[in-house]
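Q: Let me give you the structure first, and then I'll get to my questions.
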Amino acid sequence: MGKRKYIGRGGWVPLALGLLLFVAVAAWMVRGVREAAEVSSREGLRITEEAVRRAVVSCYALEGVYPATFEDLKAKSGLVIDEGKYAVFYDVFASNIMPDITVMELREVAP
């Protein structure tokens, strides 16, 4: 007996199902990458704010007063922040009261 050839069997249905599966997996992967980037962004923001707060408390512990400005804080503590990515709002009420610290992520505005 000779080998049988199955030519034209199934047609376009398996091809369409394979393509649909490929598109679904690709969409799932893109969604996962976006979610991972968002989580990473939030974590970077949290870590930056925590670093600023630790530097403020450290300066207070060493000197007995909170730094008057954010520039003083950076000079005294050696704190380095990516100011192209984060904006730090440092509002001092008095030298013996913890300053109000807010860190925000800068985002590019599309034209």
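Chains: A, B, ... in order of the structure tokens. Residues: from 1 per chain. Ligands: from 1, in order shown.
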Find the residues around A:Cys59 up to 8 Å (only C-alpha atoms counted), leave out those fewer than 6 positions away in its own chain, and share them as a list in words.

A: Val65, Tyr66, Pro67, Leu73, Lys76 and Ser77 of chain A

Q: What residues in chain A get the DSSP label helix (DSSP H, G or I)? Please answer as a PyMOL selection string.

A: chain A and resi 12-63+70-77

Q: Among the residues of chain A, find those DSSP assigns to strand (DSSP E or B) from the backbone and print them as a list in words.

A: Tyr86, Ala87, Val88, Phe89, Tyr90, Asp91, Asp100, Ile101, Thr102, Val103, Met104 and Glu105 of chain A

Q: Determine the nearest neighbour of A:Phe93 from the options A:Ala68, A:Val13, A:Ala36, A:Val25, counting only C-alpha atoms.

A: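 Using only C-alpha atoms, A:Phe93 sits closest to A:Ala68.
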
Q: Out of A:Arg53, A:Lys74, A:Lys85, A:Arg34, which residue has the shortest atom-to-atom distance to A:Ile101 when counting only C-alpha atoms?

A: A:Arg53

Q: Considering only C-alpha atoms, state which residue in the set A:Tyr86, A:Leu21, A:Asp91, A:Ala27 is at the smallest distance from A:Ser41.

A: A:Tyr86

Q: For A:Met98, which residue among A:Leu20, A:Val52, A:Glu43, A:Pro14 is the nearest when counting only C-alpha atoms?

A: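 The answer is A:Val52, which sits nearest to A:Met98.
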
Q: Enter the distance from atom CA of A:Arg107 to atom CA of A:Arg42, in Å, rounded to one decimal.

A: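 So the two atoms, atom CA of A:Arg107 and atom CA of A:Arg42, lie 12.9 Å apart.
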
Q: Which residues are close to A:Glu83, i.e. within 12 Å by only C-alpha atoms, leaving aside same-chain residues fewer than 2 positions away? Reply as a PyMOL selection string.

A: chain A and resi 45+48+70+74+79-81+85-89+103-107

Q: Could you please determine the separation between atom CA of A:Ser95 and atom CA of A:Tyr60 in Å, to one decimal place?

A: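 Atom-to-atom, atom CA of A:Ser95 to atom CA of A:Tyr60, that is 9.1 Å.
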